[in-house]
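Asks: File data38.tsv below, TSV, C-alpha atoms:
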```tsv
chain	number	residue	atom	x	y	z
A	1	MET	CA	278.73	-125.26	355.80
A	2	PRO	CA	281.52	-122.77	355.06
A	3	LEU	CA	283.73	-123.61	352.10
A	4	THR	CA	287.38	-124.67	352.23
A	5	LYS	CA	290.08	-124.12	349.64
A	6	LEU	CA	290.33	-127.86	349.03
A	7	GLU	CA	286.60	-128.08	348.32
A	8	ILE	CA	286.76	-125.16	345.93
A	9	ASP	CA	289.66	-126.67	344.00
A	10	ARG	CA	287.79	-129.99	343.68
A	11	ILE	CA	284.61	-128.46	342.21
A	12	THR	CA	283.93	-129.94	338.78
A	13	PRO	CA	282.05	-127.66	336.34
A	14	GLY	CA	278.78	-128.94	334.91
A	15	GLU	CA	276.73	-128.18	331.86
A	16	LYS	CA	275.07	-125.25	333.67
A	17	GLN	CA	276.14	-122.61	336.17
A	18	VAL	CA	276.55	-123.93	339.69
A	19	LYS	CA	276.26	-121.90	342.92
A	20	VAL	CA	278.34	-123.07	345.87
A	21	THR	CA	277.49	-121.14	349.05
A	22	ASP	CA	279.92	-120.12	351.77
A	23	GLY	CA	277.62	-118.27	354.16
A	24	LEU	CA	276.18	-114.84	354.93
A	25	GLY	CA	275.25	-114.30	351.30
A	26	LEU	CA	278.68	-115.18	349.85
A	27	TYR	CA	278.77	-117.82	347.12
A	28	LEU	CA	280.98	-119.06	344.30
A	29	LEU	CA	279.47	-119.11	340.83
A	30	VAL	CA	281.08	-121.91	338.80
A	31	MET	CA	280.71	-121.60	335.02
A	32	PRO	CA	280.61	-124.51	332.53
A	33	ASN	CA	284.04	-123.46	331.24
A	34	GLY	CA	285.51	-123.83	334.73
A	35	ALA	CA	285.71	-120.12	335.61
A	36	LYS	CA	284.81	-119.34	339.25
A	37	TYR	CA	283.36	-115.97	340.32
A	38	TRP	CA	282.76	-114.69	343.83
A	39	ARG	CA	279.32	-113.15	344.34
A	40	LEU	CA	277.52	-111.62	347.33
A	41	LYS	CA	273.74	-111.63	347.51
A	42	TYR	CA	272.25	-108.91	349.67
A	43	ARG	CA	269.14	-106.79	350.11
A	44	PHE	CA	269.04	-103.00	350.09
A	45	ALA	CA	265.96	-100.79	350.25
A	46	GLY	CA	263.80	-103.86	349.93
A	47	LYS	CA	265.47	-105.05	346.72
A	48	GLU	CA	267.65	-108.12	346.26
A	49	LYS	CA	271.00	-107.32	344.67
A	50	VAL	CA	274.19	-109.13	343.72
A	51	LEU	CA	277.71	-107.72	344.16
A	52	ALA	CA	280.69	-109.09	342.20
A	53	LEU	CA	283.70	-109.63	344.46
A	54	GLY	CA	286.28	-110.98	342.02
A	55	VAL	CA	287.50	-114.14	340.30
A	56	TYR	CA	288.93	-117.18	342.05
A	57	PRO	CA	291.85	-117.89	342.59
A	58	GLU	CA	292.97	-114.25	341.97
A	59	VAL	CA	290.68	-113.40	344.89
A	60	SER	CA	291.22	-116.07	347.53
A	61	LEU	CA	288.58	-117.45	349.88
A	62	LYS	CA	289.96	-115.33	352.71
A	63	GLU	CA	289.92	-112.15	350.59
A	64	ALA	CA	286.37	-112.85	349.41
A	65	ARG	CA	285.19	-113.15	353.01
A	66	LEU	CA	286.90	-109.86	353.93
A	67	LYS	CA	285.11	-108.14	351.02
A	68	ARG	CA	281.83	-109.69	352.15
A	69	ASP	CA	282.34	-108.43	355.69
A	70	GLU	CA	283.13	-104.90	354.43
A	71	ALA	CA	279.98	-104.91	352.30
A	72	ARG	CA	277.89	-106.01	355.30
A	73	ARG	CA	279.46	-103.22	357.38
A	74	LEU	CA	278.32	-100.67	354.78
A	75	LEU	CA	274.82	-102.14	354.88
A	76	THR	CA	274.65	-101.61	358.64
A	77	GLN	CA	275.54	-97.94	357.99
A	78	GLY	CA	272.69	-97.61	355.49
A	79	GLU	CA	274.96	-97.60	352.40
A	80	ASP	CA	274.58	-99.73	349.30
A	81	PRO	CA	277.89	-101.64	348.76
A	82	GLY	CA	277.16	-101.88	345.02
A	83	GLU	CA	276.86	-98.12	344.68
A	84	GLN	CA	279.96	-97.65	346.82
A	85	LYS	CA	281.88	-99.92	344.48
A	86	LYS	CA	280.78	-97.80	341.53
A	87	LYS	CA	281.87	-94.63	343.35
A	88	ASN	CA	285.28	-96.14	344.06
A	89	ALA	CA	285.64	-97.17	340.42
A	90	ARG	CA	284.77	-93.65	339.26
A	91	LYS	CA	287.23	-92.17	341.73
A	92	GLN	CA	289.95	-94.51	340.53
A	93	LEU	CA	289.20	-93.59	336.93
A	94	ILE	CA	289.41	-89.88	337.72
A	95	GLU	CA	292.70	-90.36	339.58
A	96	THR	CA	294.14	-92.40	336.72
A	97	SER	CA	293.12	-89.75	334.18
A	98	SER	CA	294.42	-86.92	336.36
A	99	THR	CA	298.12	-87.66	336.23
A	100	PHE	CA	300.34	-85.22	334.37
A	101	LYS	CA	301.05	-87.81	331.68
A	102	ALA	CA	297.36	-88.64	331.18
A	103	ILE	CA	296.37	-85.01	330.68
A	104	ALA	CA	299.45	-84.41	328.50
A	105	GLN	CA	298.28	-87.32	326.34
A	106	GLU	CA	294.81	-85.78	326.02
A	107	TRP	CA	296.30	-82.42	325.03
A	108	TRP	CA	298.70	-84.03	322.55
A	109	ASN	CA	295.95	-86.14	320.95
A	110	LYS	CA	293.92	-83.00	320.31
A	111	MET	CA	296.76	-80.80	319.06
A	112	SER	CA	298.59	-83.40	316.96
A	113	ALA	CA	295.61	-83.48	314.58
A	114	GLU	CA	296.68	-79.98	313.48
A	115	TRP	CA	300.43	-80.65	313.39
A	116	ALA	CA	302.72	-82.22	310.86
A	117	PRO	CA	303.56	-85.82	311.92
A	118	THR	CA	307.25	-85.03	312.45
A	119	HIS	CA	306.40	-82.06	314.70
A	120	ALA	CA	303.85	-84.07	316.67
A	121	SER	CA	306.38	-86.84	317.20
A	122	GLY	CA	309.02	-84.34	318.31
A	123	VAL	CA	306.69	-82.72	320.84
A	124	TRP	CA	305.77	-86.05	322.42
A	125	ARG	CA	309.40	-87.14	322.50
A	126	SER	CA	310.39	-83.96	324.35
A	127	LEU	CA	307.78	-84.72	327.02
A	128	GLU	CA	308.97	-88.31	327.30
A	129	ILE	CA	312.60	-87.31	327.73
A	130	HIS	CA	312.35	-84.30	330.01
A	131	LEU	CA	309.03	-84.33	331.91
A	132	PHE	CA	307.47	-87.79	332.22
A	133	PRO	CA	310.32	-89.44	334.19
A	134	THR	CA	309.80	-86.98	337.07
A	135	LEU	CA	306.23	-85.71	336.71
A	136	GLY	CA	304.42	-88.24	334.53
A	137	ASP	CA	302.80	-90.45	337.20
A	138	ARG	CA	302.04	-87.67	339.67
A	139	PRO	CA	298.50	-86.23	340.03
A	140	ILE	CA	298.67	-82.93	338.19
A	141	ARG	CA	296.91	-81.10	341.02
A	142	ASP	CA	299.79	-82.02	343.38
A	143	ILE	CA	302.56	-80.59	341.19
A	144	SER	CA	303.65	-77.18	342.43
A	145	ALA	CA	305.32	-74.35	340.54
A	146	MET	CA	308.60	-75.18	342.30
A	147	ASP	CA	308.32	-78.85	341.27
A	148	LEU	CA	307.96	-77.82	337.65
A	149	LEU	CA	310.64	-75.12	337.86
A	150	LEU	CA	313.21	-77.59	339.20
A	151	VAL	CA	312.57	-79.93	336.27
A	152	LEU	CA	312.81	-77.10	333.71
A	153	GLN	CA	315.98	-75.76	335.33
A	154	SER	CA	317.56	-79.20	335.03
A	155	VAL	CA	316.93	-78.93	331.28
A	156	GLU	CA	318.50	-75.45	331.29
A	157	LYS	CA	321.62	-76.80	333.02
A	158	GLN	CA	322.17	-79.02	329.98
A	159	GLY	CA	322.40	-75.86	327.88
A	160	LEU	CA	318.99	-76.54	326.30
A	161	HIS	CA	317.51	-73.10	326.93
A	162	ASP	CA	315.19	-73.12	323.94
A	163	THR	CA	313.94	-76.60	324.86
A	164	ALA	CA	313.24	-75.51	328.44
A	165	ASN	CA	311.16	-72.55	327.24
A	166	ARG	CA	309.23	-74.71	324.78
A	167	LEU	CA	308.54	-77.24	327.52
A	168	ARG	CA	307.15	-74.50	329.76
A	169	GLU	CA	304.85	-73.36	326.94
A	170	ARG	CA	303.63	-76.93	326.43
A	171	CYS	CA	303.09	-77.35	330.17
A	172	ASN	CA	301.10	-74.11	330.16
A	173	ALA	CA	298.73	-75.61	327.58
A	174	ILE	CA	298.52	-78.93	329.45
A	175	TRP	CA	297.67	-77.21	332.74
A	176	ARG	CA	295.06	-75.03	331.04
A	177	ARG	CA	293.29	-78.22	330.03
A	178	ALA	CA	293.58	-79.58	333.57
A	179	VAL	CA	292.09	-76.41	335.06
A	180	LYS	CA	289.24	-76.33	332.54
A	181	THR	CA	288.33	-79.95	333.28
A	182	GLY	CA	288.47	-79.48	337.05
A	183	ARG	CA	291.54	-81.63	337.64
A	184	ALA	CA	293.77	-78.77	338.78
A	185	ALA	CA	293.03	-75.60	340.71
A	186	ALA	CA	295.86	-73.45	339.31
A	187	ASN	CA	298.36	-73.29	336.44
A	188	PRO	CA	301.94	-73.26	337.80
A	189	ALA	CA	303.40	-73.14	334.27
A	190	ALA	CA	301.76	-69.75	333.70
A	191	ASP	CA	303.25	-68.49	336.96
A	192	LEU	CA	306.74	-69.41	335.70
A	193	ALA	CA	306.60	-67.08	332.68
A	194	GLY	CA	309.84	-65.10	332.64
A	195	GLU	CA	311.63	-67.36	335.14
A	196	LEU	CA	313.69	-69.21	332.53
A	197	ILE	CA	316.69	-67.98	330.57
A	198	THR	CA	315.56	-66.51	327.26
A	199	PRO	CA	317.57	-68.06	324.41
A	200	ILE	CA	319.25	-65.78	321.91
A	201	THR	CA	317.60	-66.31	318.55
A	202	LYS	CA	320.11	-66.83	315.78
A	203	PRO	CA	319.17	-66.03	312.19
A	204	GLN	CA	319.34	-68.78	309.59
A	205	PRO	CA	322.86	-68.89	308.07
A	206	SER	CA	322.59	-67.18	304.70
A	207	LEU	CA	324.74	-65.69	301.95
A	208	THR	CA	325.36	-61.98	301.71
A	209	ARG	CA	325.38	-60.10	298.43
A	210	GLU	CA	329.20	-60.15	298.46
A	211	GLU	CA	329.32	-63.91	299.12
A	212	LEU	CA	327.06	-64.90	296.23
A	213	PRO	CA	329.73	-64.92	293.48
A	214	ALA	CA	332.00	-67.38	295.29
A	215	PHE	CA	329.09	-69.66	296.17
A	216	LEU	CA	327.74	-69.76	292.61
A	217	ALA	CA	331.24	-70.39	291.26
A	218	ALA	CA	331.76	-73.24	293.72
A	219	LEU	CA	328.42	-74.73	292.72
A	220	ALA	CA	329.20	-74.55	289.00
A	221	THR	CA	332.69	-76.06	289.26
A	222	ASN	CA	332.20	-78.75	291.93
A	223	GLU	CA	332.51	-82.17	290.29
A	224	HIS	CA	331.23	-84.12	293.30
A	225	ILE	CA	327.66	-82.84	293.08
A	226	THR	CA	325.20	-84.43	290.65
A	227	LEU	CA	323.57	-82.31	287.96
A	228	GLN	CA	320.13	-83.01	289.46
A	229	THR	CA	321.30	-81.64	292.83
A	230	LYS	CA	322.76	-78.55	291.16
A	231	TYR	CA	319.45	-77.98	289.39
A	232	LEU	CA	317.62	-78.33	292.70
A	233	ILE	CA	319.87	-75.72	294.34
A	234	LYS	CA	319.46	-73.33	291.42
A	235	LEU	CA	315.65	-73.72	291.38
A	236	VAL	CA	315.44	-73.05	295.13
A	237	MET	CA	317.69	-70.01	294.74
A	238	ILE	CA	315.76	-68.61	291.78
A	239	CYS	CA	312.24	-69.12	293.19
A	240	PHE	CA	313.29	-69.01	296.88
A	241	THR	CA	310.73	-71.70	297.68
A	242	ARG	CA	311.02	-73.96	300.72
A	243	ILE	CA	313.11	-77.08	300.25
A	244	GLY	CA	310.31	-79.39	301.47
A	245	GLU	CA	307.78	-78.17	298.93
A	246	THR	CA	310.43	-78.15	296.18
A	247	VAL	CA	311.60	-81.76	296.56
A	248	GLN	CA	307.93	-82.84	296.72
A	249	ALA	CA	307.07	-81.05	293.47
A	250	LYS	CA	305.45	-83.27	290.85
A	251	TRP	CA	305.30	-82.77	287.11
A	252	ASP	CA	301.54	-82.19	287.25
A	253	ASP	CA	302.22	-79.11	289.39
A	254	PHE	CA	303.88	-77.31	286.45
A	255	ASP	CA	302.59	-75.65	283.32
A	256	LEU	CA	305.85	-74.90	281.53
A	257	ASP	CA	304.11	-73.29	278.54
A	258	LYS	CA	302.52	-70.71	280.86
A	259	ALA	CA	305.59	-70.68	283.15
A	260	ILE	CA	303.52	-71.44	286.26
A	261	TRP	CA	304.27	-73.66	289.24
A	262	THR	CA	301.26	-74.49	291.46
A	263	ILE	CA	302.35	-75.68	294.91
A	264	PRO	CA	299.43	-77.62	296.49
A	265	PRO	CA	298.49	-77.00	300.14
A	266	GLU	CA	299.45	-80.52	301.22
A	267	THR	CA	303.13	-79.88	300.52
A	268	ARG	CA	303.20	-76.38	302.00
A	269	LYS	CA	304.37	-75.52	305.51
A	270	LEU	CA	300.93	-75.26	307.08
A	271	LYS	CA	299.24	-76.72	310.13
A	272	ARG	CA	297.43	-79.88	309.17
A	273	ALA	CA	294.01	-78.42	310.05
A	274	LEU	CA	294.61	-75.46	307.71
A	275	LYS	CA	295.72	-77.44	304.66
A	276	ALA	CA	292.19	-78.39	303.55
A	277	ALA	CA	291.03	-74.76	303.45
A	278	ALA	CA	294.29	-73.27	302.16
A	279	ALA	CA	294.78	-72.12	298.59
A	280	PRO	CA	297.70	-73.35	296.49
A	281	HIS	CA	300.74	-71.12	296.24
A	282	ILE	CA	301.28	-69.93	292.64
A	283	VAL	CA	304.88	-69.32	291.59
A	284	PRO	CA	305.56	-67.51	288.30
A	285	LEU	CA	308.60	-69.10	286.69
A	286	PRO	CA	311.39	-67.04	285.10
A	287	SER	CA	312.88	-68.37	281.87
A	288	GLN	CA	315.90	-69.86	283.70
A	289	ALA	CA	313.62	-71.97	285.91
A	290	VAL	CA	311.66	-73.19	282.88
A	291	ASP	CA	314.93	-74.19	281.18
A	292	ILE	CA	316.00	-76.16	284.26
A	293	LEU	CA	312.67	-77.97	284.38
A	294	ARG	CA	312.77	-78.81	280.68
A	295	GLN	CA	316.25	-80.29	281.15
A	296	LEU	CA	315.02	-82.36	284.07
A	297	HIS	CA	311.99	-83.53	282.09
A	298	MET	CA	314.29	-84.96	279.44
A	299	HIS	CA	315.68	-87.29	282.10
A	300	ARG	CA	312.38	-88.05	283.83
A	301	VAL	CA	312.38	-91.38	285.67
A	302	GLU	CA	309.66	-93.69	284.38
A	303	GLY	CA	307.06	-94.48	287.03
A	304	ASN	CA	308.08	-91.58	289.27
A	305	ASP	CA	305.95	-88.42	289.29
A	306	PHE	CA	308.46	-86.34	291.24
A	307	VAL	CA	310.54	-83.70	289.47
A	308	PHE	CA	313.45	-84.56	291.76
A	309	PRO	CA	313.26	-88.36	292.14
A	310	SER	CA	315.27	-90.30	294.68
A	311	PHE	CA	318.24	-92.26	293.37
A	312	PHE	CA	317.85	-94.85	296.12
A	313	TYR	CA	314.11	-95.39	296.67
A	314	ARG	CA	311.79	-96.19	293.79
A	315	GLY	CA	308.80	-93.88	293.54
A	316	ARG	CA	310.06	-91.40	296.15
A	317	HIS	CA	311.55	-87.90	295.96
A	318	MET	CA	315.00	-86.66	296.91
A	319	SER	CA	315.72	-86.11	300.59
A	320	LYS	CA	315.69	-82.57	301.98
A	321	THR	CA	319.12	-83.27	303.44
A	322	THR	CA	320.66	-83.80	300.01
A	323	LEU	CA	321.49	-80.11	299.72
A	324	LEU	CA	323.21	-80.04	303.12
A	325	LYS	CA	325.54	-82.79	301.93
A	326	ALA	CA	326.17	-80.81	298.75
A	327	PHE	CA	327.02	-77.73	300.82
A	328	GLU	CA	329.53	-79.79	302.78
A	329	ARG	CA	331.26	-80.83	299.56
A	330	MET	CA	331.37	-77.16	298.55
A	331	GLY	CA	332.84	-76.12	301.90
A	332	TYR	CA	329.72	-74.28	303.00
A	333	SER	CA	328.42	-76.50	305.79
A	334	GLY	CA	329.56	-77.98	309.06
A	335	LYS	CA	331.88	-76.63	311.73
A	336	ASN	CA	335.09	-74.75	311.00
A	337	THR	CA	334.41	-74.52	307.27
A	338	GLU	CA	336.53	-72.18	305.21
A	339	ASN	CA	333.57	-70.46	303.53
A	340	GLY	CA	331.12	-70.30	306.44
A	341	HIS	CA	327.86	-72.12	307.07
A	342	VAL	CA	324.84	-72.10	304.73
A	343	VAL	CA	321.43	-73.78	305.04
A	344	THR	CA	318.77	-74.08	302.37
A	345	HIS	CA	316.32	-71.81	304.18
A	346	GLY	CA	318.99	-69.11	304.09
A	347	PHE	CA	318.44	-68.64	300.33
A	348	ARG	CA	315.05	-67.13	301.16
A	349	ALA	CA	316.69	-64.62	303.49
A	350	THR	CA	319.33	-63.78	300.87
A	351	ALA	CA	316.73	-63.15	298.16
A	352	SER	CA	314.46	-61.16	300.49
A	353	THR	CA	317.31	-58.95	301.71
A	354	ILE	CA	318.72	-58.14	298.28
A	355	LEU	CA	315.31	-57.59	296.66
A	356	ASN	CA	314.17	-55.31	299.46
A	357	GLU	CA	317.41	-53.33	299.21
A	358	ALA	CA	316.87	-53.06	295.45
A	359	GLY	CA	313.52	-51.37	296.00
A	360	PHE	CA	311.08	-54.12	295.03
A	361	ASN	CA	307.63	-54.07	296.62
A	362	PRO	CA	307.90	-55.69	300.09
A	363	ASP	CA	304.35	-57.07	299.78
A	364	ALA	CA	305.25	-58.80	296.51
A	365	ILE	CA	308.35	-60.27	298.13
A	366	GLU	CA	306.28	-61.56	301.05
A	367	ARG	CA	303.78	-63.14	298.67
A	368	GLN	CA	306.60	-64.90	296.85
A	369	LEU	CA	307.94	-66.15	300.18
A	370	SER	CA	304.42	-67.54	300.81
A	371	HIS	CA	304.24	-65.97	304.24
A	372	LYS	CA	300.75	-66.11	305.74
A	373	GLU	CA	298.73	-62.94	305.32
A	374	PRO	CA	296.66	-62.45	308.52
A	375	ASN	CA	293.96	-60.49	306.71
A	376	GLN	CA	292.15	-63.05	304.51
A	377	VAL	CA	290.52	-60.42	302.30
A	378	ARG	CA	293.88	-58.79	301.67
A	379	ALA	CA	295.43	-62.22	301.07
A	380	ALA	CA	292.96	-62.99	298.26
A	381	TYR	CA	293.57	-59.54	296.77
A	382	ASN	CA	297.35	-59.90	296.97
A	383	ARG	CA	297.36	-63.24	295.17
A	384	ALA	CA	295.98	-61.56	292.08
A	385	GLN	CA	297.44	-58.09	292.55
A	386	TYR	CA	301.08	-59.13	292.80
A	387	MET	CA	301.26	-61.98	290.27
A	388	GLU	CA	302.66	-59.95	287.37
A	389	GLU	CA	304.82	-57.90	289.73
A	390	ARG	CA	306.26	-61.12	291.12
A	391	ARG	CA	306.87	-62.46	287.63
A	392	THR	CA	308.90	-59.37	286.73
A	393	MET	CA	310.71	-59.48	290.05
A	394	LEU	CA	311.67	-63.17	289.73
A	395	GLN	CA	312.90	-62.69	286.18
A	396	SER	CA	315.07	-59.80	287.36
A	397	TRP	CA	316.34	-61.95	290.24
A	398	ALA	CA	317.16	-64.90	287.96
A	399	ASP	CA	318.95	-62.58	285.51
A	400	TYR	CA	320.86	-61.09	288.42
A	401	LEU	CA	322.04	-64.54	289.59
A	402	ASP	CA	323.21	-65.30	286.05
A	403	LYS	CA	325.18	-62.05	285.91
A	404	VAL	CA	326.74	-62.69	289.32
A	405	GLU	CA	327.74	-66.23	288.33
A	406	GLN	CA	329.39	-64.83	285.20
A	407	GLY	CA	331.41	-62.37	287.29
A	408	GLY	CA	329.14	-59.36	286.97
A	409	ASP	CA	328.62	-56.57	289.49
A	410	THR	CA	326.72	-57.74	292.58
A	411	THR	CA	324.99	-54.34	292.78
A	412	LEU	CA	323.52	-54.73	289.31
A	413	LEU	CA	320.03	-55.79	290.50
A	414	ALA	CA	319.05	-52.28	291.56
A	415	ALA	CA	320.09	-50.87	288.19
A	416	MET	CA	318.18	-53.57	286.34
A	417	HIS	CA	315.07	-52.82	288.37
A	418	ALA	CA	315.44	-49.10	287.82
```
What is this structure when it is put down as structure tokens?

Replies:
Amino acid sequence: MPLTKLEIDRITPGEKQVKVTDGLGLYLLVMPNGAKYWRLKYRFAGKEKVLALGVYPEVSLKEARLKRDEARRLLTQGEDPGEQKKKNARKQLIETSSTFKAIAQEWWNKMSAEWAPTHASGVWRSLEIHLFPTLGDRPIRDISAMDLLLVLQSVEKQGLHDTANRLRERCNAIWRRAVKTGRAAANPAADLAGELITPITKPQPSLTREELPAFLAALATNEHITLQTKYLIKLVMICFTRIGETVQAKWDDFDLDKAIWTIPPETRKLKRALKAAAAPHIVPLPSQAVDILRQLHMHRVEGNDFVFPSFFYRGRHMSKTTLLKAFERMGYSGKNTENGHVVTHGFRATASTILNEAGFNPDAIERQLSHKEPNQVRAAYNRAQYMEERRTMLQSWADYLDKVEQGGDTTLLAAMHA
């Protein structure tokens, strides 16, 4: 006899599985724990098979019978309902993994392994804010160039021209993956190259030769900046290293007797995948830098290996933003400042400009800046070839900064080098 809902609800589970038939191969499998599963027994190609139709009560008696009838219809057409169910599941899986967001996630998972965590987080956040709300749930193959262009233009209208261009580049990479894996036939992001407003690249705010004396005087006389922060600024100016690798410097990185600073790959500005194979960056230290480090060592914080320890967090280093706050107190940061705007990275531009104008070897300057040398053989050669030249150059640069701070001629560096 066919089942009724009341009969199903009254079934009491036993110690073993119980089959309660409904008819035409449909039955309810009742488990000892009380769970109830719809099953359909059928024969195909001479073999007896069982098809799962769902769990009761999520799948009602009426729904189970409809699924049974559909399976029997397939059998009359010579199709195996079990295989058809597998095909439908595969199709659903492909459709789920073919949305823009799904493929963007695949691309991000692969690329983020080579990125710094902060960059990876920023890339994903940009997709979440600007692209996923409109395009995220759509099959990527259905998104046209115009669909994408309208979204990117909406970002442009917010004045975020650089962001819009970066988003197009990221979409280009995402669609390349979709095309390679057969989930899209074309790459609309590639077709949009040149359709967005190109942002005007602004150089990092930096000091000119003529502005150095006032800045150094302001640094020396400002009473609202700690001595440790002043030392940090001076060390960055003298060695023109990056602020991130400088605040992360540990005492074990220095050999003050040999006047050498070894910056390990893990603190350098490199893609994560390149750090393991990268060589450390060796910085020859002029006498002024050694003096600063010896002063700092006298006040070393017990239990903290960092040369520039944090005042607020035990065992951590100073924040990279500390110098920006110091610049604000000096009147060199923020909007409408009397002395202009300066960022830490600008010290590298200042040193590079003045040293190049003074006639120092551009290759030695580039090595000191730790810019990547594309030719690996030449890179290995340069590390050794320019070490002594860089040592002489940095000592001249440090002497020059001392002279400028004491009111000397800002053109003196060229004469000293000559």

Asks: Please indicate the distance in Å from CA of Lys5 in chain A to CA of Ser60 in chain A, rounded to one decimal place.

Replies: 8.4 Å

Asks: I'd like the interatomic distance between CA of Lys62 in chain A and CA of Lys47 in chain A, to a tenth of an Å.

Replies: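 Distance reported for this atom pair: 27.2 Å.
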
Asks: Applying 12 Å and all atoms listed in the file, which residues near Ser352 in chain A remain after dropping the ones on its own chain fewer than 3 positions away? List them as JSON, numbers by chain.

Replies: {"A": [206, 207, 208, 209, 237, 238, 239, 240, 241, 345, 346, 347, 348, 349, 355, 356, 357, 358, 359, 360, 361, 362, 363, 364, 365, 366, 367, 368, 369, 370, 371, 393, 394, 397]}

Asks: One decimal, Å: what's the distance from CA of Pro265 in chain A over to CA of His281 in chain A, could you say?

Replies: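 Result for CA of Pro265 in chain A versus CA of His281 in chain A: 7.4 Å, one decimal.
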
Asks: With only C-alpha atoms as the counted atoms, please give the residues lying no more than 9 Å from Val18 in chain A, apart from itself and same-chain residues fewer than 2 positions off, as a list of chain:residue names.

Replies: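 Once the nearby chain positions are removed, what remains is A:Pro13, A:Gly14, A:Glu15, A:Lys16, A:Val20, A:Leu28, A:Leu29, A:Val30, A:Met31, A:Pro32.
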
Asks: What are the centre and the three edge lengths of an axis-aligned box that wraps all atoms of range 148-165 of chain A in the file, given that 8 Å is added to every side, written as AutoDock Vina command-line options and rounded to one decimal in Å?

Replies:
```
--center_x 315.2 --center_y -76.2 --center_z 331.6 --size_x 30.4 --size_y 23.4 --size_z 31.3
```

Asks: In terms of the shortest atom-to-atom distance over only C-alpha atoms, which of A:Met146, A:Ala52, A:Met111, A:Leu227 is closest to Glu195 in chain A?

Replies: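 Checking each of A:Met146, A:Ala52, A:Met111, A:Leu227 against Glu195 in chain A, counting only C-alpha atoms, the winner is A:Met146.
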
Asks: Quick one: residues within 12 Å of Gly194 in chain A, all atoms listed in the file counted, chain neighbours fewer than 3 positions away excluded, as a ChimeraX atom specification?

Replies: /A:149,164-165,168-169,189-191,197-199

Asks: Take the point (284.8, -118.5, 350.1) as written in the file and pick out every residue within 8 Å of it, counting only C-alpha atoms; give the list as a list in words.

Replies: Pro2, Leu3, Thr4, Lys5, Thr21, Asp22, Leu26, Tyr27, Leu28, Trp38, Ser60, Leu61, Lys62, Ala64 and Arg65 of chain A

Asks: Find the residues around Asp137 in chain A up to 12 Å (all atoms listed in the file counted), leave out those fewer than 2 positions away in its own chain, and share them as a list in words.

Replies: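 Here the answer would be Glu95, Thr96, Ser97, Ser98, Thr99, Phe100, Lys101, Ala102, Ile103, Ala104, Glu128, Leu131, Phe132, Pro133, Thr134, Leu135, Pro139, Ile140, Arg141, Asp142 and Ile143 of chain A.
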
Asks: Can you pull out every residue within 6 Å of Phe308 in chain A, counting only C-alpha atoms, but drop anything in the same chain fewer than 4 positions away, and send it as JSON, numbers by chain?

Replies: {"A": [247, 317, 318]}

Asks: Find the residue from A:Glu328, A:Asp252, A:Glu211, A:Asp399 that sits nearest to Ile225 in chain A; use only C-alpha atoms when measuring.

Replies: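 Among A:Glu328, A:Asp252, A:Glu211, A:Asp399, it is A:Glu328 that comes nearest to Ile225 in chain A.
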
Asks: Nearest to Tyr231 in chain A among A:Arg68, A:His297, A:Lys36, A:Lys403, with distances taken over all atoms listed in the file: which residue is it?

Replies: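 Checking each of A:Arg68, A:His297, A:Lys36, A:Lys403 against Tyr231 in chain A, counting all atoms listed in the file, the winner is A:His297.
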
Asks: Would you mind telling me which residue in A:Leu167, A:Ala186, A:Ala145, A:Val404 lies nearest to Arg125 in chain A when using only C-alpha atoms?

Replies: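 Ranked by minimum distance to Arg125 in chain A, first place goes to A:Leu167.
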
Asks: Pick the closest to Thr344 in chain A from A:Ile243, A:Ile263, A:Val290, A:Ala220: which is it, counting all atoms listed in the file?

Replies: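 Residue with the minimum atom-to-atom distance to Thr344 in chain A: A:Ile243.
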
Asks: Of the candidates A:Glu83, A:Glu114, A:Asp147, A:Glu210, which one gets nearest to Gly407 in chain A if we count only C-alpha atoms?

Replies: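 Of all the options, A:Glu210 lies closest to Gly407 in chain A.
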
Asks: Should you be able to, write range 119-134 of chain A of this structure into a file that contains C-alpha atoms, as an mmCIF file, in the first residue's frame.

Replies:
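Output below, filename out.cif:
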```cif
data_model
loop_
_atom_site.group_PDB
_atom_site.id
_atom_site.type_symbol
_atom_site.label_atom_id
_atom_site.label_comp_id
_atom_site.auth_asym_id
_atom_site.auth_seq_id
_atom_site.Cartn_x
_atom_site.Cartn_y
_atom_site.Cartn_z
ATOM 1 C CA HIS A 119 49.104 43.701 -0.457
ATOM 2 C CA ALA A 120 47.106 40.488 -0.806
ATOM 3 C CA SER A 121 44.503 41.799 1.628
ATOM 4 C CA GLY A 122 44.302 45.104 -0.240
ATOM 5 C CA VAL A 123 43.791 43.396 -3.601
ATOM 6 C CA TRP A 124 40.946 41.241 -2.281
ATOM 7 C CA ARG A 125 39.338 44.215 -0.561
ATOM 8 C CA SER A 126 39.348 46.198 -3.817
ATOM 9 C CA LEU A 127 37.495 43.350 -5.542
ATOM 10 C CA GLU A 128 34.995 43.130 -2.698
ATOM 11 C CA ILE A 129 34.255 46.842 -2.759
ATOM 12 C CA HIS A 130 34.160 47.592 -6.472
ATOM 13 C CA LEU A 131 33.496 44.394 -8.462
ATOM 14 C CA PHE A 132 31.765 41.668 -6.456
ATOM 15 C CA PRO A 133 28.551 43.607 -5.663
ATOM 16 C CA THR A 134 27.741 43.863 -9.392
#
```
